[in-house]
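A.B. asks: So that you have it, the file is coords-v7.cif, and it contains mmCIF, N, CA and C atoms:
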data_target
loop_
_atom_site.label_atom_id
_atom_site.label_comp_id
_atom_site.auth_asym_id
_atom_site.auth_seq_id
_atom_site.Cartn_x
_atom_site.Cartn_y
_atom_site.Cartn_z
N ASP A 19 0.85 -1.18 0.00
CA ASP A 19 0.00 0.00 0.00
C ASP A 19 0.89 1.24 0.00
N GLU A 20 1.08 1.85 -1.16
CA GLU A 20 2.02 2.94 -1.30
C GLU A 20 1.54 4.27 -0.73
N LEU A 21 0.27 4.39 -0.36
CA LEU A 21 -0.25 5.66 0.17
C LEU A 21 -0.77 5.51 1.60
N HIS A 22 -0.20 4.60 2.38
CA HIS A 22 -0.73 4.35 3.71
C HIS A 22 -0.63 5.55 4.64
N GLU A 23 0.24 6.52 4.36
CA GLU A 23 0.35 7.71 5.20
C GLU A 23 -0.84 8.65 5.04
N LEU A 24 -1.58 8.51 3.94
CA LEU A 24 -2.66 9.43 3.64
C LEU A 24 -4.01 8.78 3.90
N SER A 25 -4.91 9.56 4.48
CA SER A 25 -6.28 9.06 4.65
C SER A 25 -7.18 9.58 3.53
N GLY A 26 -6.75 10.62 2.84
CA GLY A 26 -7.52 11.17 1.74
C GLY A 26 -6.69 12.21 1.01
N LEU A 27 -6.94 12.34 -0.28
CA LEU A 27 -6.19 13.29 -1.09
C LEU A 27 -7.09 13.75 -2.22
N ARG A 28 -7.09 15.05 -2.49
CA ARG A 28 -7.89 15.59 -3.58
C ARG A 28 -7.05 16.58 -4.37
N LEU A 29 -6.93 16.34 -5.66
CA LEU A 29 -6.23 17.26 -6.55
C LEU A 29 -7.22 18.32 -6.97
N MET A 30 -6.94 19.55 -6.63
CA MET A 30 -7.87 20.64 -6.90
C MET A 30 -7.53 21.40 -8.18
N ASP A 31 -6.26 21.44 -8.54
CA ASP A 31 -5.84 22.20 -9.71
C ASP A 31 -4.47 21.71 -10.13
N LEU A 32 -4.18 21.84 -11.40
CA LEU A 32 -2.88 21.43 -11.92
C LEU A 32 -2.53 22.29 -13.11
N GLU A 33 -1.36 22.89 -13.07
CA GLU A 33 -0.86 23.66 -14.21
C GLU A 33 0.43 23.00 -14.66
N LEU A 34 0.50 22.72 -15.97
CA LEU A 34 1.69 22.11 -16.53
C LEU A 34 2.32 23.08 -17.52
N PRO A 35 3.65 23.11 -17.58
CA PRO A 35 4.32 24.02 -18.51
C PRO A 35 4.14 23.57 -19.96
N GLN A 36 4.30 24.48 -20.90
CA GLN A 36 4.20 24.16 -22.31
C GLN A 36 5.17 23.06 -22.71
N ALA A 37 6.33 23.01 -22.06
CA ALA A 37 7.33 21.97 -22.36
C ALA A 37 6.74 20.57 -22.13
N PHE A 38 5.85 20.44 -21.16
CA PHE A 38 5.20 19.15 -20.91
C PHE A 38 4.30 18.78 -22.08
N ALA A 39 3.49 19.71 -22.52
CA ALA A 39 2.60 19.45 -23.67
C ALA A 39 3.40 19.18 -24.93
N ASP A 40 4.54 19.84 -25.09
CA ASP A 40 5.39 19.60 -26.26
C ASP A 40 5.97 18.19 -26.23
N ARG A 41 6.35 17.74 -25.03
CA ARG A 41 6.96 16.41 -24.86
C ARG A 41 5.91 15.30 -24.92
N TYR A 42 4.74 15.54 -24.39
CA TYR A 42 3.66 14.55 -24.32
C TYR A 42 2.42 15.10 -25.01
N PRO A 43 2.32 14.97 -26.33
CA PRO A 43 1.26 15.63 -27.09
C PRO A 43 -0.14 15.05 -26.89
N GLY A 44 -0.27 13.95 -26.21
CA GLY A 44 -1.60 13.39 -25.98
C GLY A 44 -1.71 11.96 -26.46
N PRO A 45 -2.87 11.39 -26.35
CA PRO A 45 -3.06 9.99 -26.74
C PRO A 45 -2.77 9.77 -28.22
N LYS A 46 -2.16 8.64 -28.51
CA LYS A 46 -1.80 8.33 -29.89
C LYS A 46 -3.05 8.11 -30.75
N PHE A 47 -4.06 7.45 -30.21
CA PHE A 47 -5.23 7.09 -31.00
C PHE A 47 -6.45 7.96 -30.70
N GLY A 48 -6.53 8.53 -29.51
CA GLY A 48 -7.67 9.34 -29.14
C GLY A 48 -8.95 8.50 -29.05
N ILE A 49 -10.06 9.16 -28.83
CA ILE A 49 -11.34 8.47 -28.66
C ILE A 49 -11.75 7.76 -29.94
N ALA A 50 -11.63 8.44 -31.08
CA ALA A 50 -12.04 7.81 -32.35
C ALA A 50 -11.21 6.58 -32.65
N GLY A 51 -9.90 6.67 -32.44
CA GLY A 51 -9.04 5.53 -32.69
C GLY A 51 -9.28 4.38 -31.74
N THR A 52 -9.57 4.71 -30.48
CA THR A 52 -9.88 3.66 -29.51
C THR A 52 -11.18 2.97 -29.88
N ARG A 53 -12.18 3.73 -30.30
CA ARG A 53 -13.44 3.11 -30.75
C ARG A 53 -13.20 2.21 -31.96
N ARG A 54 -12.36 2.67 -32.88
CA ARG A 54 -12.05 1.85 -34.06
C ARG A 54 -11.36 0.56 -33.64
N LEU A 55 -10.36 0.66 -32.77
CA LEU A 55 -9.63 -0.53 -32.32
C LEU A 55 -10.51 -1.49 -31.54
N ALA A 56 -11.44 -0.94 -30.75
CA ALA A 56 -12.34 -1.78 -29.96
C ALA A 56 -13.55 -2.25 -30.76
N GLY A 57 -13.81 -1.60 -31.89
CA GLY A 57 -14.99 -1.95 -32.67
C GLY A 57 -16.28 -1.56 -31.99
N VAL A 58 -16.23 -0.50 -31.20
CA VAL A 58 -17.40 -0.05 -30.44
C VAL A 58 -17.73 1.38 -30.86
N TYR A 59 -18.92 1.58 -31.41
CA TYR A 59 -19.30 2.90 -31.92
C TYR A 59 -20.61 3.42 -31.34
N ASP A 60 -21.53 2.53 -31.01
CA ASP A 60 -22.89 2.95 -30.68
C ASP A 60 -23.23 2.82 -29.20
N ARG A 61 -22.21 2.74 -28.36
CA ARG A 61 -22.43 2.59 -26.92
C ARG A 61 -21.16 2.97 -26.19
N PRO A 62 -21.23 3.09 -24.87
CA PRO A 62 -19.99 3.34 -24.11
C PRO A 62 -19.03 2.17 -24.25
N ILE A 63 -17.75 2.46 -24.21
CA ILE A 63 -16.72 1.42 -24.19
C ILE A 63 -16.62 0.93 -22.74
N LEU A 64 -16.71 -0.37 -22.56
CA LEU A 64 -16.69 -0.95 -21.22
C LEU A 64 -15.31 -1.51 -20.90
N GLY A 65 -14.74 -1.06 -19.80
CA GLY A 65 -13.43 -1.54 -19.42
C GLY A 65 -13.30 -1.70 -17.92
N THR A 66 -12.26 -2.39 -17.53
CA THR A 66 -11.98 -2.59 -16.11
C THR A 66 -10.48 -2.72 -15.91
N ILE A 67 -10.08 -2.74 -14.66
CA ILE A 67 -8.68 -2.91 -14.31
C ILE A 67 -8.56 -4.19 -13.50
N VAL A 68 -7.60 -5.03 -13.85
CA VAL A 68 -7.31 -6.23 -13.07
C VAL A 68 -6.28 -5.83 -12.03
N LYS A 69 -6.55 -6.14 -10.77
CA LYS A 69 -5.68 -5.74 -9.67
C LYS A 69 -5.10 -6.97 -8.97
N PRO A 70 -4.24 -7.72 -9.66
CA PRO A 70 -3.70 -8.94 -9.05
C PRO A 70 -2.41 -8.73 -8.25
N SER A 71 -2.14 -7.52 -7.78
CA SER A 71 -0.84 -7.22 -7.18
C SER A 71 -0.59 -7.94 -5.85
N ILE A 72 -1.58 -8.63 -5.30
CA ILE A 72 -1.33 -9.40 -4.09
C ILE A 72 -1.07 -10.86 -4.40
N GLY A 73 -1.05 -11.23 -5.68
CA GLY A 73 -0.65 -12.58 -6.05
C GLY A 73 -1.73 -13.43 -6.68
N LEU A 74 -2.37 -12.97 -7.72
CA LEU A 74 -3.39 -13.74 -8.43
C LEU A 74 -2.71 -14.81 -9.28
N ALA A 75 -3.11 -16.07 -9.09
CA ALA A 75 -2.53 -17.17 -9.87
C ALA A 75 -2.88 -17.01 -11.34
N MET A 76 -2.00 -17.46 -12.20
CA MET A 76 -2.22 -17.30 -13.65
C MET A 76 -3.49 -18.01 -14.11
N GLU A 77 -3.80 -19.16 -13.54
CA GLU A 77 -5.04 -19.85 -13.91
C GLU A 77 -6.26 -19.00 -13.55
N ASP A 78 -6.20 -18.35 -12.39
CA ASP A 78 -7.31 -17.49 -11.96
C ASP A 78 -7.42 -16.25 -12.85
N LEU A 79 -6.28 -15.66 -13.19
CA LEU A 79 -6.29 -14.51 -14.09
C LEU A 79 -6.86 -14.91 -15.45
N GLN A 80 -6.44 -16.03 -15.95
CA GLN A 80 -6.92 -16.52 -17.25
C GLN A 80 -8.44 -16.71 -17.22
N GLN A 81 -8.95 -17.30 -16.16
CA GLN A 81 -10.40 -17.51 -16.02
C GLN A 81 -11.13 -16.17 -15.93
N LEU A 82 -10.58 -15.25 -15.15
CA LEU A 82 -11.19 -13.93 -14.99
C LEU A 82 -11.27 -13.18 -16.31
N VAL A 83 -10.17 -13.18 -17.06
CA VAL A 83 -10.14 -12.50 -18.37
C VAL A 83 -11.15 -13.15 -19.31
N GLY A 84 -11.19 -14.47 -19.35
CA GLY A 84 -12.15 -15.16 -20.20
C GLY A 84 -13.58 -14.83 -19.84
N ASP A 85 -13.88 -14.83 -18.55
CA ASP A 85 -15.24 -14.51 -18.09
C ASP A 85 -15.63 -13.09 -18.48
N MET A 86 -14.71 -12.14 -18.30
CA MET A 86 -15.02 -10.74 -18.62
C MET A 86 -15.17 -10.55 -20.13
N ALA A 87 -14.37 -11.25 -20.91
CA ALA A 87 -14.50 -11.15 -22.37
C ALA A 87 -15.85 -11.71 -22.82
N LEU A 88 -16.25 -12.83 -22.26
CA LEU A 88 -17.53 -13.43 -22.62
C LEU A 88 -18.72 -12.59 -22.14
N ALA A 89 -18.50 -11.83 -21.08
CA ALA A 89 -19.56 -10.97 -20.53
C ALA A 89 -19.73 -9.68 -21.32
N GLY A 90 -18.83 -9.41 -22.28
CA GLY A 90 -18.97 -8.23 -23.12
C GLY A 90 -18.05 -7.08 -22.81
N MET A 91 -17.08 -7.28 -21.92
CA MET A 91 -16.12 -6.23 -21.62
C MET A 91 -15.31 -5.93 -22.89
N ASP A 92 -14.96 -4.66 -23.11
CA ASP A 92 -14.22 -4.26 -24.30
C ASP A 92 -12.71 -4.23 -24.08
N PHE A 93 -12.29 -3.84 -22.87
CA PHE A 93 -10.86 -3.82 -22.59
C PHE A 93 -10.59 -4.04 -21.12
N ILE A 94 -9.39 -4.52 -20.85
CA ILE A 94 -8.91 -4.70 -19.48
C ILE A 94 -7.53 -4.07 -19.42
N LYS A 95 -7.28 -3.31 -18.37
CA LYS A 95 -5.97 -2.71 -18.13
C LYS A 95 -5.32 -3.47 -16.98
N ASP A 96 -4.06 -3.84 -17.16
CA ASP A 96 -3.31 -4.52 -16.12
C ASP A 96 -2.96 -3.55 -15.00
N ASP A 97 -2.92 -4.05 -13.77
CA ASP A 97 -2.56 -3.24 -12.61
C ASP A 97 -1.15 -2.67 -12.78
N GLU A 98 -1.03 -1.37 -12.60
CA GLU A 98 0.26 -0.70 -12.80
C GLU A 98 1.33 -1.12 -11.80
N LEU A 99 0.96 -1.76 -10.70
CA LEU A 99 1.94 -2.20 -9.70
C LEU A 99 2.33 -3.65 -9.91
N ASN A 100 2.03 -4.22 -11.05
CA ASN A 100 2.16 -5.65 -11.25
C ASN A 100 2.85 -5.96 -12.58
N ALA A 101 3.97 -5.32 -12.86
CA ALA A 101 4.60 -5.43 -14.18
C ALA A 101 5.19 -6.81 -14.46
N ASN A 102 6.03 -7.33 -13.58
CA ASN A 102 6.72 -8.60 -13.86
C ASN A 102 7.08 -9.30 -12.55
N PRO A 103 6.08 -9.60 -11.71
CA PRO A 103 6.39 -10.22 -10.42
C PRO A 103 6.80 -11.68 -10.58
N PRO A 104 7.49 -12.23 -9.59
CA PRO A 104 7.95 -13.62 -9.68
C PRO A 104 6.81 -14.63 -9.84
N TYR A 105 5.66 -14.35 -9.25
CA TYR A 105 4.53 -15.29 -9.34
C TYR A 105 3.77 -15.16 -10.65
N ALA A 106 4.08 -14.12 -11.45
CA ALA A 106 3.40 -13.91 -12.73
C ALA A 106 4.33 -13.23 -13.72
N PRO A 107 5.39 -13.93 -14.16
CA PRO A 107 6.29 -13.31 -15.13
C PRO A 107 5.51 -12.86 -16.37
N LEU A 108 5.92 -11.73 -16.93
CA LEU A 108 5.19 -11.14 -18.04
C LEU A 108 4.97 -12.13 -19.18
N ALA A 109 5.97 -12.90 -19.55
CA ALA A 109 5.82 -13.84 -20.66
C ALA A 109 4.75 -14.89 -20.36
N VAL A 110 4.68 -15.35 -19.12
CA VAL A 110 3.66 -16.33 -18.72
C VAL A 110 2.29 -15.67 -18.71
N LYS A 111 2.24 -14.43 -18.20
CA LYS A 111 0.97 -13.70 -18.13
C LYS A 111 0.42 -13.44 -19.53
N VAL A 112 1.27 -13.01 -20.45
CA VAL A 112 0.81 -12.74 -21.82
C VAL A 112 0.23 -14.00 -22.44
N LYS A 113 0.91 -15.12 -22.27
CA LYS A 113 0.42 -16.38 -22.84
C LYS A 113 -0.94 -16.75 -22.24
N ALA A 114 -1.07 -16.68 -20.92
CA ALA A 114 -2.32 -17.05 -20.25
C ALA A 114 -3.46 -16.13 -20.66
N VAL A 115 -3.21 -14.84 -20.65
CA VAL A 115 -4.25 -13.87 -20.99
C VAL A 115 -4.68 -14.01 -22.45
N MET A 116 -3.72 -14.09 -23.34
CA MET A 116 -4.07 -14.15 -24.76
C MET A 116 -4.78 -15.44 -25.13
N GLU A 117 -4.48 -16.54 -24.45
CA GLU A 117 -5.25 -17.78 -24.68
C GLU A 117 -6.71 -17.55 -24.31
N ALA A 118 -6.95 -16.87 -23.19
CA ALA A 118 -8.33 -16.59 -22.77
C ALA A 118 -9.01 -15.63 -23.75
N VAL A 119 -8.28 -14.62 -24.20
CA VAL A 119 -8.83 -13.65 -25.15
C VAL A 119 -9.20 -14.35 -26.46
N GLU A 120 -8.32 -15.20 -26.95
CA GLU A 120 -8.58 -15.91 -28.21
C GLU A 120 -9.75 -16.88 -28.09
N ARG A 121 -9.82 -17.63 -26.99
CA ARG A 121 -10.94 -18.56 -26.78
C ARG A 121 -12.27 -17.82 -26.75
N ALA A 122 -12.30 -16.69 -26.04
CA ALA A 122 -13.53 -15.90 -25.97
C ALA A 122 -13.89 -15.33 -27.34
N ALA A 123 -12.88 -14.88 -28.09
CA ALA A 123 -13.13 -14.32 -29.42
C ALA A 123 -13.68 -15.38 -30.37
N ASP A 124 -13.24 -16.62 -30.21
CA ASP A 124 -13.77 -17.72 -31.03
C ASP A 124 -15.27 -17.88 -30.80
N LYS A 125 -15.71 -17.62 -29.55
CA LYS A 125 -17.13 -17.78 -29.21
C LYS A 125 -17.97 -16.55 -29.54
N THR A 126 -17.37 -15.36 -29.37
CA THR A 126 -18.16 -14.12 -29.50
C THR A 126 -17.94 -13.40 -30.83
N GLY A 127 -16.84 -13.67 -31.49
CA GLY A 127 -16.51 -12.94 -32.71
C GLY A 127 -15.90 -11.57 -32.44
N ARG A 128 -15.68 -11.24 -31.18
CA ARG A 128 -15.07 -9.97 -30.78
C ARG A 128 -13.85 -10.24 -29.92
N LYS A 129 -12.79 -9.48 -30.14
CA LYS A 129 -11.58 -9.67 -29.35
C LYS A 129 -11.42 -8.54 -28.35
N LEU A 130 -11.42 -8.90 -27.09
CA LEU A 130 -11.18 -7.96 -26.00
C LEU A 130 -9.77 -7.39 -26.11
N MET A 131 -9.61 -6.11 -25.81
CA MET A 131 -8.27 -5.49 -25.76
C MET A 131 -7.74 -5.64 -24.33
N TYR A 132 -6.52 -6.07 -24.19
CA TYR A 132 -5.88 -6.21 -22.87
C TYR A 132 -4.61 -5.38 -22.88
N ALA A 133 -4.53 -4.42 -21.98
CA ALA A 133 -3.34 -3.55 -21.89
C ALA A 133 -2.41 -4.10 -20.83
N PHE A 134 -1.33 -4.75 -21.26
CA PHE A 134 -0.34 -5.28 -20.32
C PHE A 134 0.53 -4.15 -19.82
N ASN A 135 0.95 -4.24 -18.57
CA ASN A 135 1.89 -3.28 -18.02
C ASN A 135 3.29 -3.72 -18.44
N ILE A 136 3.99 -2.88 -19.15
CA ILE A 136 5.35 -3.21 -19.57
C ILE A 136 6.35 -2.19 -19.04
N THR A 137 5.99 -1.52 -17.93
CA THR A 137 6.90 -0.57 -17.29
C THR A 137 7.59 -1.22 -16.12
N GLY A 138 8.61 -0.61 -15.62
CA GLY A 138 9.32 -1.11 -14.45
C GLY A 138 10.76 -1.43 -14.79
N ASP A 139 11.42 -2.10 -13.86
CA ASP A 139 12.83 -2.46 -14.03
C ASP A 139 12.97 -3.52 -15.10
#
Can the structure from this file be put into structure tokens for me?
C.D. replies:
Amino acid sequence: DELHELSGLRLMDLELPQAFADRYPGPKFGIAGTRRLAGVYDRPILGTIVKPSIGLAMEDLQQLVGDMALAGMDFIKDDELNANPPYAPLAVKVKAVMEAVERAADKTGRKLMYAFNITGD
């Protein structure tokens, strides 16, 4: 728990210098590109975050991803604190998740987008 010292926090205002906007111009695909990639145009895009940072087994993650894909979820974002832990190496996680995504796509005709965390050491 990286914020255990705080009981509450609210960001009220933020000013960033022009150099920040020059360096980080914004999303690569934007809303239209995300809708195109997800194949979703006539409704909200449905997404969730998987939070396995306390040690979710790969079999359980695979089942969870498959269930969410079959339920109609459009995308899943990996927990940002869970890049490449010993209990879920990235290569093993990618294989497990993509097997679930492909199996669900075979049944539904739609492929869920999964954003793997590839940051960290």
A.B. asks: Using the chain letters and numbers from the file, give me the residues hit by the PyMOL selection byres ((chain A and resi 81-97) around 6), as a PyMOL selection string.
C.D. replies: chain A and resi 63-70+76-80+98-101+118-119+122+130-135
A.B. asks: Which of range 44-76 of chain A counts as strand (DSSP E) under DSSP, as a PyMOL selection string please?
C.D. replies: chain A and resi 65-68
A.B. asks: Have a look at atom C of Met30 in chain A and atom C of Gly51 in chain A and let me know their distance in Å, one decimal.
C.D. replies: 29.1 Å
A.B. asks: In Å to one decimal, how far is atom C of Ala75 in chain A from atom N of Pro107 in chain A?
C.D. replies: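 Between atom N of Pro107 in chain A and atom C of Ala75 in chain A the gap works out to 9.3 Å.
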A.B. asks: If you measure from CA of Gly73 in chain A to CA of Tyr105 in chain A, what distance in Å do you get, rounded to one decimal?
C.D. replies: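 A separation of 6.7 Å between them.
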A.B. asks: If I wrap all listed atoms of range 132-136 of chain A in a box with edges along x, y and z and add 3 Å on each side, what are its centre and edge lengths in Å to one decimal, as JSON?
C.D. replies:
{"center_x": -0.1, "center_y": -4.2, "center_z": -21.1, "size_x": 18.9, "size_y": 10.0, "size_z": 12.2}
A.B. asks: Using the chain letters and numbers from this document, which residues of chain A does DSSP assign to helix (DSSP H, G or I), as a PyMOL selection string?
C.D. replies: chain A and resi 36-41+48-56+76-88+108-126
